[in-house]
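Trainee: Data: run.tsv, TSV, C-alpha atoms.
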```
chain	number	residue	atom	x	y	z
A	1	MET	CA	2.88	11.14	9.85
A	2	LYS	CA	1.90	11.47	13.50
A	3	TYR	CA	3.29	10.06	16.72
A	4	CYS	CA	1.51	8.18	19.49
A	5	LYS	CA	0.94	10.46	22.47
A	6	LYS	CA	1.77	7.67	24.93
A	7	CYS	CA	4.82	6.10	23.29
A	8	ILE	CA	6.95	7.35	20.36
A	9	MET	CA	5.61	5.11	17.59
A	10	PRO	CA	4.79	6.90	14.30
A	11	THR	CA	1.87	6.10	12.05
A	12	SER	CA	4.37	5.41	9.26
A	13	ARG	CA	5.03	2.01	10.84
A	14	PRO	CA	2.90	-0.65	9.09
A	15	GLY	CA	-0.21	-1.54	11.11
A	16	ILE	CA	-0.06	1.54	13.33
A	17	THR	CA	-3.12	3.75	13.64
A	18	LEU	CA	-4.07	6.19	16.37
A	19	ASN	CA	-7.40	6.36	18.17
A	20	GLU	CA	-9.25	9.61	18.89
A	21	GLU	CA	-6.96	10.29	21.87
A	22	GLY	CA	-3.86	9.82	19.70
A	23	ILE	CA	-2.93	6.44	21.23
A	24	CYS	CA	-1.50	3.70	19.00
A	25	GLY	CA	-2.66	0.09	18.72
A	26	GLY	CA	0.51	-1.15	20.42
A	27	CYS	CA	-0.24	0.86	23.57
A	28	LEU	CA	-3.91	-0.15	23.45
A	29	GLY	CA	-2.90	-3.79	23.11
A	30	PHE	CA	-0.59	-3.49	26.12
A	31	LYS	CA	-3.43	-1.98	28.18
A	32	GLU	CA	-5.69	-4.84	27.14
A	33	LYS	CA	-3.05	-7.38	28.18
A	34	LYS	CA	-2.63	-5.80	31.60
A	35	GLU	CA	-6.24	-4.93	32.42
A	36	GLU	CA	-8.57	-7.14	30.43
A	37	ILE	CA	-6.92	-10.55	30.12
A	38	ASP	CA	-7.07	-13.21	32.83
A	39	TRP	CA	-3.77	-14.97	32.10
A	40	LYS	CA	-4.37	-17.77	34.61
A	41	SER	CA	-7.58	-18.63	32.79
A	42	ARG	CA	-5.82	-18.36	29.43
A	43	GLY	CA	-3.14	-20.80	30.65
A	44	LYS	CA	-5.80	-23.36	31.56
A	45	GLU	CA	-7.38	-22.85	28.16
A	46	LEU	CA	-4.01	-23.50	26.52
A	47	ASP	CA	-3.64	-26.80	28.38
A	48	LYS	CA	-7.08	-27.89	27.19
A	49	ILE	CA	-6.18	-27.04	23.61
A	50	LEU	CA	-2.86	-28.92	23.82
A	51	ASP	CA	-4.67	-31.98	25.18
A	52	THR	CA	-6.73	-32.18	21.99
A	53	PHE	CA	-3.55	-32.42	19.89
A	54	ARG	CA	-1.49	-34.64	22.17
A	55	SER	CA	-0.42	-38.10	20.96
A	56	LYS	CA	-2.23	-38.00	17.62
A	57	GLY	CA	0.88	-38.89	15.65
A	58	ASP	CA	4.67	-38.99	15.81
A	59	TYR	CA	4.69	-35.37	16.96
A	60	ASP	CA	2.20	-33.35	18.97
A	61	CYS	CA	3.11	-30.00	17.43
A	62	LEU	CA	5.46	-28.21	15.06
A	63	ILE	CA	7.51	-25.26	16.35
A	64	PRO	CA	9.21	-22.81	13.97
A	65	VAL	CA	12.55	-21.87	15.57
A	66	SER	CA	15.47	-19.61	14.75
A	67	GLY	CA	17.49	-20.06	17.91
A	68	GLY	CA	16.37	-16.69	19.24
A	69	LYS	CA	14.84	-15.94	22.63
A	70	ASP	CA	11.25	-16.54	21.48
A	71	SER	CA	11.82	-19.90	19.87
A	72	THR	CA	13.89	-21.08	22.85
A	73	TRP	CA	11.00	-20.31	25.17
A	74	GLN	CA	8.42	-21.80	22.79
A	75	VAL	CA	10.28	-25.12	22.84
A	76	TYR	CA	10.84	-25.09	26.60
A	77	THR	CA	7.19	-24.22	27.25
A	78	MET	CA	5.88	-27.04	25.08
A	79	LEU	CA	8.24	-29.56	26.65
A	80	GLN	CA	7.21	-28.43	30.14
A	81	ARG	CA	3.57	-28.99	29.16
A	82	GLY	CA	4.30	-32.55	28.11
A	83	MET	CA	4.19	-32.06	24.35
A	84	LYS	CA	6.48	-33.81	21.88
A	85	PRO	CA	7.42	-31.14	19.33
A	86	LEU	CA	9.19	-31.24	16.02
A	87	ALA	CA	11.24	-28.06	15.59
A	88	ILE	CA	12.00	-26.58	12.17
A	89	THR	CA	14.35	-23.79	11.11
A	90	ILE	CA	14.48	-22.04	7.76
A	91	LYS	CA	18.23	-21.53	7.73
A	92	CYS	CA	19.05	-17.88	7.29
A	93	GLN	CA	21.63	-17.03	4.68
A	94	TYR	CA	24.22	-15.68	7.13
A	95	ARG	CA	23.58	-17.38	10.45
A	96	THR	CA	25.82	-15.97	13.18
A	97	GLU	CA	28.05	-18.08	15.43
A	98	LEU	CA	25.94	-17.01	18.42
A	99	GLY	CA	22.81	-17.93	16.48
A	100	GLN	CA	24.19	-21.42	15.85
A	101	ARG	CA	25.10	-21.91	19.52
A	102	ASN	CA	21.63	-20.84	20.58
A	103	LEU	CA	20.05	-23.17	18.04
A	104	ASP	CA	22.22	-26.05	19.27
A	105	ASN	CA	21.17	-25.26	22.84
A	106	LEU	CA	17.50	-25.19	21.84
A	107	ILE	CA	17.80	-28.63	20.23
A	108	SER	CA	19.57	-29.97	23.32
A	109	LEU	CA	16.48	-29.14	25.38
A	110	GLY	CA	15.05	-32.31	23.84
A	111	VAL	CA	13.57	-31.99	20.35
A	112	ASP	CA	13.92	-33.45	16.89
A	113	HIS	CA	14.88	-30.70	14.47
A	114	ILE	CA	14.86	-29.93	10.74
A	115	ASP	CA	17.28	-27.31	9.38
A	116	PHE	CA	15.84	-26.38	5.97
A	117	THR	CA	18.21	-24.70	3.51
A	118	VAL	CA	16.96	-23.18	0.26
A	119	ASN	CA	18.83	-23.22	-3.04
A	120	PRO	CA	21.10	-20.14	-2.69
A	121	GLU	CA	21.27	-19.57	-6.46
A	122	ILE	CA	17.50	-19.18	-6.72
A	123	ASP	CA	17.15	-17.51	-3.34
A	124	SER	CA	19.72	-14.77	-3.98
A	125	LYS	CA	18.23	-13.98	-7.40
A	126	PHE	CA	14.74	-13.87	-5.90
A	127	MET	CA	15.91	-11.73	-2.98
A	128	LEU	CA	17.63	-9.23	-5.24
A	129	LYS	CA	14.43	-8.78	-7.24
A	130	THR	CA	12.30	-8.18	-4.15
A	131	PHE	CA	14.90	-5.82	-2.68
A	132	GLU	CA	15.05	-3.82	-5.89
A	133	GLN	CA	11.28	-3.54	-6.14
A	134	ASN	CA	10.18	-3.38	-2.48
A	135	GLY	CA	13.31	-2.56	-0.49
A	136	ASN	CA	12.51	-5.50	1.81
A	137	PRO	CA	15.51	-7.74	2.64
A	138	SER	CA	13.27	-10.22	4.50
A	139	LEU	CA	10.38	-10.64	2.04
A	140	VAL	CA	11.79	-13.80	0.46
A	141	GLU	CA	12.81	-15.21	3.85
A	142	HIS	CA	9.26	-14.84	5.11
A	143	LEU	CA	7.71	-16.34	1.98
A	144	ILE	CA	9.83	-19.48	2.38
A	145	MET	CA	9.17	-19.56	6.12
A	146	TRP	CA	5.36	-19.48	5.92
A	147	SER	CA	5.27	-21.91	3.03
A	148	THR	CA	7.79	-24.51	4.23
A	149	ILE	CA	6.57	-24.61	7.81
A	150	ILE	CA	2.95	-25.11	6.82
A	151	LYS	CA	3.90	-27.71	4.19
A	152	THR	CA	6.00	-29.56	6.78
A	153	ALA	CA	3.00	-29.78	9.09
A	154	LEU	CA	0.98	-31.26	6.24
A	155	ARG	CA	3.70	-33.78	5.30
A	156	TYR	CA	4.22	-34.99	8.87
A	157	ASN	CA	0.48	-34.99	9.67
A	158	ILE	CA	1.02	-32.50	12.48
A	159	ASN	CA	-2.17	-30.61	13.30
A	160	LEU	CA	-0.78	-27.87	15.55
A	161	ILE	CA	1.83	-25.20	14.72
A	162	VAL	CA	2.94	-23.18	17.75
A	163	TRP	CA	4.08	-19.63	17.00
A	164	ALA	CA	5.31	-17.07	19.53
A	165	GLU	CA	3.62	-13.68	19.72
A	166	ASN	CA	0.78	-12.12	17.80
A	167	SER	CA	2.68	-9.07	16.55
A	168	ALA	CA	-0.62	-7.22	16.03
A	169	LEU	CA	-1.08	-7.36	19.81
A	170	GLU	CA	2.54	-6.74	20.75
A	171	TYR	CA	3.45	-3.97	18.28
A	172	GLY	CA	0.17	-2.59	17.01
A	173	GLY	CA	-2.74	-3.68	14.87
A	174	SER	CA	-6.50	-3.38	14.64
A	175	LYS	CA	-8.73	-4.46	17.53
A	176	ASP	CA	-9.80	-7.56	15.60
A	177	ASP	CA	-6.22	-8.50	14.71
A	178	ARG	CA	-5.02	-7.91	18.28
A	179	ASN	CA	-7.57	-10.48	19.44
A	180	LYS	CA	-6.69	-13.22	16.97
A	181	PHE	CA	-5.76	-16.45	18.73
A	182	ARG	CA	-4.98	-18.22	15.47
A	183	MET	CA	-2.81	-17.22	12.56
A	184	ASP	CA	-4.70	-17.33	9.27
A	185	TYR	CA	-3.78	-16.26	5.73
A	186	ASP	CA	-5.34	-12.85	6.23
A	187	TRP	CA	-2.97	-12.30	9.18
A	188	ILE	CA	0.01	-13.45	7.10
A	189	LYS	CA	-0.94	-11.02	4.34
A	190	LYS	CA	-1.10	-8.10	6.80
A	191	TYR	CA	1.71	-8.91	9.24
A	192	GLY	CA	3.79	-11.58	7.50
A	193	VAL	CA	6.45	-9.16	6.11
A	194	THR	CA	5.64	-10.15	2.51
A	195	ASN	CA	4.25	-6.76	1.42
A	196	GLY	CA	0.95	-8.52	0.76
A	197	THR	CA	2.46	-10.67	-2.00
A	198	VAL	CA	2.66	-14.40	-2.63
A	199	ALA	CA	5.32	-16.30	-4.52
A	200	GLU	CA	3.30	-16.37	-7.74
A	201	ASP	CA	3.37	-12.57	-7.90
A	202	TRP	CA	7.12	-12.64	-8.54
A	203	ILE	CA	7.20	-14.95	-11.57
A	204	ASP	CA	8.84	-13.48	-14.68
A	205	GLU	CA	11.16	-14.51	-17.51
A	206	ASN	CA	14.00	-15.03	-15.01
A	207	ILE	CA	12.09	-16.66	-12.14
A	208	THR	CA	9.82	-19.56	-13.00
A	209	LEU	CA	7.07	-21.17	-10.97
A	210	LYS	CA	9.22	-24.29	-10.63
A	211	ASP	CA	12.13	-22.20	-9.34
A	212	ILE	CA	10.09	-20.86	-6.44
A	213	SER	CA	7.68	-23.71	-5.76
A	214	SER	CA	9.18	-24.01	-2.26
A	215	TYR	CA	7.99	-20.45	-1.57
A	216	GLN	CA	4.36	-21.19	-2.48
A	217	LEU	CA	1.78	-21.42	0.27
A	218	PRO	CA	-0.57	-24.40	0.08
A	219	TYR	CA	-4.23	-23.49	-0.29
A	220	GLU	CA	-5.83	-22.46	2.98
A	221	SER	CA	-8.64	-24.91	2.27
A	222	GLU	CA	-6.02	-27.69	2.37
A	223	LEU	CA	-5.06	-26.62	5.90
A	224	ASN	CA	-8.68	-26.50	6.98
A	225	LYS	CA	-9.33	-29.95	5.53
A	226	ALA	CA	-6.28	-31.34	7.38
A	227	GLY	CA	-7.40	-29.66	10.60
A	228	ILE	CA	-4.18	-27.67	11.07
A	229	GLU	CA	-4.25	-24.95	13.74
A	230	ASN	CA	-1.75	-22.06	13.85
A	231	LEU	CA	-1.68	-20.99	17.50
A	232	PHE	CA	-0.12	-17.83	18.97
A	233	LEU	CA	1.44	-18.83	22.29
A	234	GLY	CA	1.56	-15.17	23.29
A	235	MET	CA	-2.24	-15.08	23.36
A	236	TYR	CA	-2.26	-17.61	26.21
A	237	MET	CA	0.68	-16.45	28.30
A	238	GLU	CA	2.30	-13.05	28.82
A	239	TRP	CA	4.96	-12.49	26.18
A	240	GLU	CA	7.17	-9.48	26.90
A	241	PRO	CA	10.56	-9.43	25.07
A	242	GLU	CA	12.88	-8.77	28.02
A	243	ASP	CA	11.01	-11.19	30.27
A	244	VAL	CA	11.13	-13.93	27.61
A	245	ALA	CA	14.86	-13.25	27.04
A	246	LYS	CA	15.63	-13.55	30.76
A	247	LYS	CA	13.63	-16.76	31.10
A	248	SER	CA	15.28	-18.22	27.98
A	249	GLN	CA	18.66	-17.33	29.49
A	250	THR	CA	17.89	-19.67	32.41
A	251	VAL	CA	17.73	-22.60	29.97
A	252	GLY	CA	20.91	-21.78	28.05
A	253	PHE	CA	20.03	-18.96	25.64
A	254	GLU	CA	23.01	-16.62	25.19
A	255	TRP	CA	22.81	-12.86	24.76
A	256	ALA	CA	25.28	-10.84	22.70
A	257	GLU	CA	27.93	-8.86	24.58
A	258	ASN	CA	26.50	-5.62	23.20
A	259	PRO	CA	23.25	-4.77	21.37
A	260	VAL	CA	23.38	-5.89	17.74
A	261	LEU	CA	20.54	-3.53	16.91
A	262	GLY	CA	18.24	-1.44	19.00
A	263	LEU	CA	18.38	-1.24	22.77
A	264	HIS	CA	18.87	-4.84	23.89
A	265	PRO	CA	21.66	-7.45	23.47
A	266	PHE	CA	19.14	-10.27	23.02
A	267	VAL	CA	17.63	-8.95	19.75
A	268	GLY	CA	18.85	-9.79	16.23
A	269	VAL	CA	21.59	-12.14	17.43
A	270	ASP	CA	20.95	-15.04	15.04
A	271	CYS	CA	21.11	-13.72	11.45
A	272	ASP	CA	22.84	-10.82	9.70
A	273	PHE	CA	20.04	-10.25	7.18
A	274	ARG	CA	17.42	-9.49	9.82
A	275	VAL	CA	19.60	-6.62	10.97
A	276	VAL	CA	19.56	-5.25	7.40
A	277	HIS	CA	15.77	-5.65	7.36
A	278	HIS	CA	15.45	-3.37	10.38
A	279	PHE	CA	17.98	-0.91	8.92
A	280	MET	CA	15.79	-0.45	5.84
A	281	LYS	CA	12.90	0.66	8.05
A	282	TRP	CA	14.75	3.95	8.48
A	283	TYR	CA	14.34	4.80	4.80
A	284	LYS	CA	10.79	3.51	4.48
A	285	PHE	CA	9.20	4.37	7.83
A	286	GLY	CA	11.53	6.79	9.61
A	287	LEU	CA	12.20	4.42	12.51
A	288	THR	CA	14.48	1.57	13.52
A	289	LYS	CA	14.24	-1.37	15.91
A	290	LEU	CA	15.19	1.10	18.64
A	291	TRP	CA	11.77	2.74	18.28
A	292	ASP	CA	10.07	-0.62	18.94
A	293	ASN	CA	12.31	-1.21	21.95
A	294	LEU	CA	11.70	2.22	23.45
A	295	ALA	CA	7.95	1.95	22.90
A	296	ILE	CA	7.90	-1.29	24.92
A	297	GLU	CA	10.07	0.28	27.64
A	298	ILE	CA	7.48	3.07	27.94
A	299	ARG	CA	4.54	0.65	28.04
A	300	GLU	CA	6.23	-1.50	30.67
A	301	GLY	CA	6.89	1.56	32.84
A	302	ARG	CA	10.67	1.24	32.70
A	303	MET	CA	10.92	4.59	30.87
A	304	THR	CA	8.74	7.65	30.46
A	305	ARG	CA	8.04	9.07	27.03
A	306	ASP	CA	10.23	12.08	27.86
A	307	GLU	CA	13.08	9.78	28.94
A	308	SER	CA	12.87	7.83	25.70
A	309	VAL	CA	13.01	11.06	23.69
A	310	GLU	CA	16.01	12.14	25.74
A	311	TYR	CA	17.63	8.78	24.97
A	312	LEU	CA	17.14	9.40	21.25
A	313	LYS	CA	18.55	12.89	21.66
A	314	ASN	CA	21.75	11.67	23.32
A	315	ASN	CA	22.45	8.40	21.48
A	316	GLU	CA	23.09	7.17	17.96
A	317	GLU	CA	22.75	3.75	16.39
A	318	PRO	CA	25.66	2.30	14.44
A	319	ILE	CA	25.11	1.59	10.76
A	320	PRO	CA	25.31	-2.23	10.48
A	321	ASN	CA	28.21	-2.30	8.04
A	322	LYS	CA	29.19	-5.94	8.64
A	323	GLU	CA	25.63	-7.15	8.06
A	324	ILE	CA	25.22	-4.96	4.96
A	325	GLU	CA	28.44	-6.42	3.54
A	326	SER	CA	27.08	-9.96	4.11
A	327	PHE	CA	23.84	-9.03	2.39
A	328	CYS	CA	25.65	-7.51	-0.60
A	329	SER	CA	27.91	-10.54	-0.91
A	330	TYR	CA	24.90	-12.87	-1.04
A	331	LEU	CA	23.14	-10.72	-3.66
A	332	ASN	CA	26.41	-10.17	-5.57
A	333	ILE	CA	26.03	-6.39	-5.57
A	334	SER	CA	28.35	-3.61	-4.44
A	335	ILE	CA	27.93	-1.57	-1.28
A	336	GLU	CA	27.36	1.45	-3.54
A	337	ARG	CA	24.53	-0.37	-5.31
A	338	PHE	CA	22.99	-1.30	-1.96
A	339	TYR	CA	22.78	2.35	-0.93
A	340	GLU	CA	21.45	3.36	-4.34
A	341	LEU	CA	18.62	0.86	-3.90
A	342	ALA	CA	18.07	1.86	-0.27
A	343	GLU	CA	17.82	5.50	-1.34
A	344	SER	CA	15.34	4.61	-4.08
A	345	HIS	CA	12.99	3.36	-1.35
A	346	ARG	CA	13.20	6.44	0.82
A	347	ASN	CA	9.63	7.43	1.67
A	348	LEU	CA	9.23	10.94	0.30
A	349	ASP	CA	5.87	11.25	2.04
A	350	ILE	CA	7.73	11.58	5.35
A	351	TRP	CA	11.29	12.69	4.43
A	352	GLU	CA	12.38	16.15	3.26
A	353	LYS	CA	15.72	17.85	2.67
A	354	ASP	CA	16.80	20.82	4.76
A	355	GLU	CA	18.51	23.97	3.44
A	356	TYR	CA	21.86	22.14	3.50
A	357	GLY	CA	20.61	19.22	1.42
A	358	SER	CA	20.42	16.74	4.32
A	359	TRP	CA	17.42	14.46	4.86
A	360	TYR	CA	15.25	14.91	7.94
A	361	LEU	CA	11.80	14.03	9.26
A	362	PRO	CA	9.69	17.21	9.61
A	363	ALA	CA	7.07	15.36	11.68
A	364	PHE	CA	9.71	14.19	14.18
A	365	LYS	CA	11.16	17.68	14.52
A	366	LYS	CA	7.68	19.14	15.00
A	367	GLU	CA	6.69	16.53	17.60
A	368	PHE	CA	9.89	16.42	19.66
A	369	GLY	CA	11.49	19.78	18.99
A	370	PHE	CA	14.83	18.64	17.60
A	371	TRP	CA	16.49	16.73	14.80
A	372	LYS	CA	19.81	14.88	14.58
A	373	GLU	CA	21.46	12.12	12.60
A	374	PHE	CA	20.46	8.90	14.38
A	375	LEU	CA	22.46	6.39	12.32
A	376	LYS	CA	26.22	6.84	12.09
```
For this file, write the structure as structure tokens.
Mentor:
Amino acid sequence: MKYCKKCIMPTSRPGITLNEEGICGGCLGFKEKKEEIDWKSRGKELDKILDTFRSKGDYDCLIPVSGGKDSTWQVYTMLQRGMKPLAITIKCQYRTELGQRNLDNLISLGVDHIDFTVNPEIDSKFMLKTFEQNGNPSLVEHLIMWSTIIKTALRYNINLIVWAENSALEYGGSKDDRNKFRMDYDWIKKYGVTNGTVAEDWIDENITLKDISSYQLPYESELNKAGIENLFLGMYMEWEPEDVAKKSQTVGFEWAENPVLGLHPFVGVDCDFRVVHHFMKWYKFGLTKLWDNLAIEIREGRMTRDESVEYLKNNEEPIPNKEIESFCSYLNISIERFYELAESHRNLDIWEKDEYGSWYLPAFKKEFGFWKEFLK
């Protein structure tokens, strides 16, 4: 476990590698965005692409939306460019009141919308299994998201799906993945938060293929035959989280009063379970959403690396007790069982116990010269 010499991102985070100078893919991607990309030219290219999909059917494109900052700006951007989108949401299991208001606002911008709800009996059983085995609260959510959105495009004969950012470019990935303009199944396998699995991998005596047919991806050849494109909007226009949040705010997107997780009050405002997903990163990768936020602050020049380390030294993150309670209620397990399972997924390649029996990250202490309890 090593840390980027420019930001604070550790190599334990999935997709993060360091180059010979010790710089991570996220920082390299940021440099590429600032120095190598002609965004004006990219914007013109986007307009040309949209023209090829315009007015081919009832809808010009499909936009996956949650009601968050990104999906608000995706919808607004497509409407401003004269597209007629169909918006679709995979309804999270514990949508927040703020999340619902933001989703209602997004719809009021002028789109038809599908709110897709999965069978909670199957979903909770499936989610418990994946959480027990992989410690990933969002694995099932992402399986249903990829599958249902792509199937919806097929059913409505929509040939363009407009996603937000290419996370390989924004948060760190290989050079090839950072330069992908289209989402393909290889990208989903690497960055789709499914631990490289598909629905069929989870079939057993308690979960049948028919139970989880909604979570199955169609064959990629079927997409190619239908001519469906999965486009990353963030490859054609600059896509920085705070900037997108501020622009979305101008068209009605609401921030939380205080940060729900991490550094900013515009992150994680729509669903309790996504907060739990980021909490589990502490056990598995030795980081939280705060690390992502601080890394971006460093890249954008709003903080130095030393200032971000000082921030970590002087601040704690609250344990998301309310969100964990929601998660446990849905899975029908106790809080004690949740922490037993969380502990079973602690990454012993990066965590050790000190002389008092408390867990710590030796690599963090070596890199930054201190250790403290970050989650309280």
Trainee: Quick one: everything within 9 Å of Glu200 of chain A, counting all atoms listed in the file, minus sequence neighbours fewer than 4 positions away in the same chain. Send it as a list in words.
Mentor: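 The residues that qualify are Thr208, Leu209, Ile212, Ser213, Tyr215 and Gln216 of chain A.
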Trainee: Atom CA of Gly234 of chain A and atom CA of Asn166 of chain A are how many Å apart?
Mentor: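 Going from atom CA of Gly234 of chain A over to atom CA of Asn166 of chain A covers 6.3 Å.
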Trainee: Which neighbours of segment 179-191 of chain A fall inside 6 Å, counting all atoms listed in the file, when residues of the same chain fewer than 6 positions from it are skipped, and could you give them as a list in words?
Mentor: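 Neighbouring residues, sequence-local ones excluded: Asn230, Leu231, Phe232 and Met235 of chain A.
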Trainee: With only C-alpha atoms as the basis for distance, which of A:Tyr171, A:Trp255, A:Phe116, A:Phe266 is at the shortest distance from Leu28 of chain A?
Mentor: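 Among the listed residues, A:Tyr171 lies closest to Leu28 of chain A.
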Trainee: Just give me the gap between atom CA of Val275 of chain A and atom CA of Phe30 of chain A in Å, one decimal is fine.
Mentor: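 Atom-to-atom, atom CA of Val275 of chain A to atom CA of Phe30 of chain A, that is 25.4 Å.
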Trainee: List as a PyMOL selection string the protein and nucleic acid residues near segment 12-24 of chain A, meaning an atom at most 8 Å away when all atoms listed in the file are counted, but skip any in the same chain fewer than 6 places from it.
Mentor: chain A and resi 1-6+168+172-174+190-191+285-287
Trainee: When distances are computed from all atoms listed in the file, which of A:Thr11, A:Asn293, A:Ser66, A:Ser358 shows the smallest separation from Ala164 of chain A?
Mentor: A:Ser66
Trainee: Because the input lacks atoms here, generate all heavy atoms for segment 261-268 of chain A and report them as a short mmCIF file (atom, residue, chain, number, x, y, z; two decimals), keeping the file's coordinate frame.
Mentor:
```cif
data_model
loop_
_atom_site.label_atom_id
_atom_site.label_comp_id
_atom_site.auth_asym_id
_atom_site.auth_seq_id
_atom_site.Cartn_x
_atom_site.Cartn_y
_atom_site.Cartn_z
N LEU A 261 21.36 -4.61 17.42
CA LEU A 261 20.54 -3.53 16.91
C LEU A 261 19.55 -3.14 17.98
O LEU A 261 19.17 -3.97 18.83
CB LEU A 261 19.82 -3.91 15.61
CG LEU A 261 18.56 -4.78 15.67
CD1 LEU A 261 17.79 -4.64 14.38
CD2 LEU A 261 18.90 -6.25 15.86
N GLY A 262 19.18 -1.89 18.01
CA GLY A 262 18.24 -1.44 19.00
C GLY A 262 18.85 -1.31 20.38
O GLY A 262 20.05 -1.07 20.54
N LEU A 263 18.01 -1.53 21.38
CA LEU A 263 18.38 -1.24 22.77
C LEU A 263 18.96 -2.44 23.50
O LEU A 263 19.73 -2.27 24.44
CB LEU A 263 17.12 -0.75 23.50
CG LEU A 263 17.26 -0.05 24.84
CD1 LEU A 263 18.04 1.25 24.70
CD2 LEU A 263 15.88 0.23 25.43
N HIS A 264 18.60 -3.66 23.07
CA HIS A 264 18.87 -4.84 23.89
C HIS A 264 19.86 -5.81 23.23
O HIS A 264 19.83 -5.98 22.00
CB HIS A 264 17.57 -5.58 24.17
CG HIS A 264 16.52 -4.75 24.83
ND1 HIS A 264 16.71 -4.15 26.06
CD2 HIS A 264 15.27 -4.39 24.43
CE1 HIS A 264 15.64 -3.48 26.39
NE2 HIS A 264 14.74 -3.61 25.43
N PRO A 265 20.69 -6.49 24.03
CA PRO A 265 21.66 -7.45 23.47
C PRO A 265 21.08 -8.82 23.19
O PRO A 265 21.81 -9.75 22.87
CB PRO A 265 22.72 -7.52 24.58
CG PRO A 265 21.98 -7.22 25.84
CD PRO A 265 20.90 -6.25 25.47
N PHE A 266 19.76 -8.98 23.31
CA PHE A 266 19.14 -10.27 23.02
C PHE A 266 18.33 -10.22 21.72
O PHE A 266 17.64 -11.17 21.38
CB PHE A 266 18.25 -10.74 24.17
CG PHE A 266 17.26 -9.71 24.68
CD1 PHE A 266 16.12 -9.40 23.96
CD2 PHE A 266 17.48 -9.06 25.88
CE1 PHE A 266 15.21 -8.46 24.42
CE2 PHE A 266 16.58 -8.12 26.35
CZ PHE A 266 15.45 -7.82 25.63
N VAL A 267 18.41 -9.13 20.98
CA VAL A 267 17.63 -8.95 19.75
C VAL A 267 18.55 -9.04 18.53
O VAL A 267 19.65 -8.48 18.52
CB VAL A 267 16.92 -7.58 19.75
CG1 VAL A 267 16.15 -7.37 18.46
CG2 VAL A 267 15.98 -7.47 20.95
N GLY A 268 18.12 -9.75 17.49
CA GLY A 268 18.85 -9.79 16.23
C GLY A 268 20.18 -10.51 16.30
O GLY A 268 21.09 -10.20 15.53
#
```
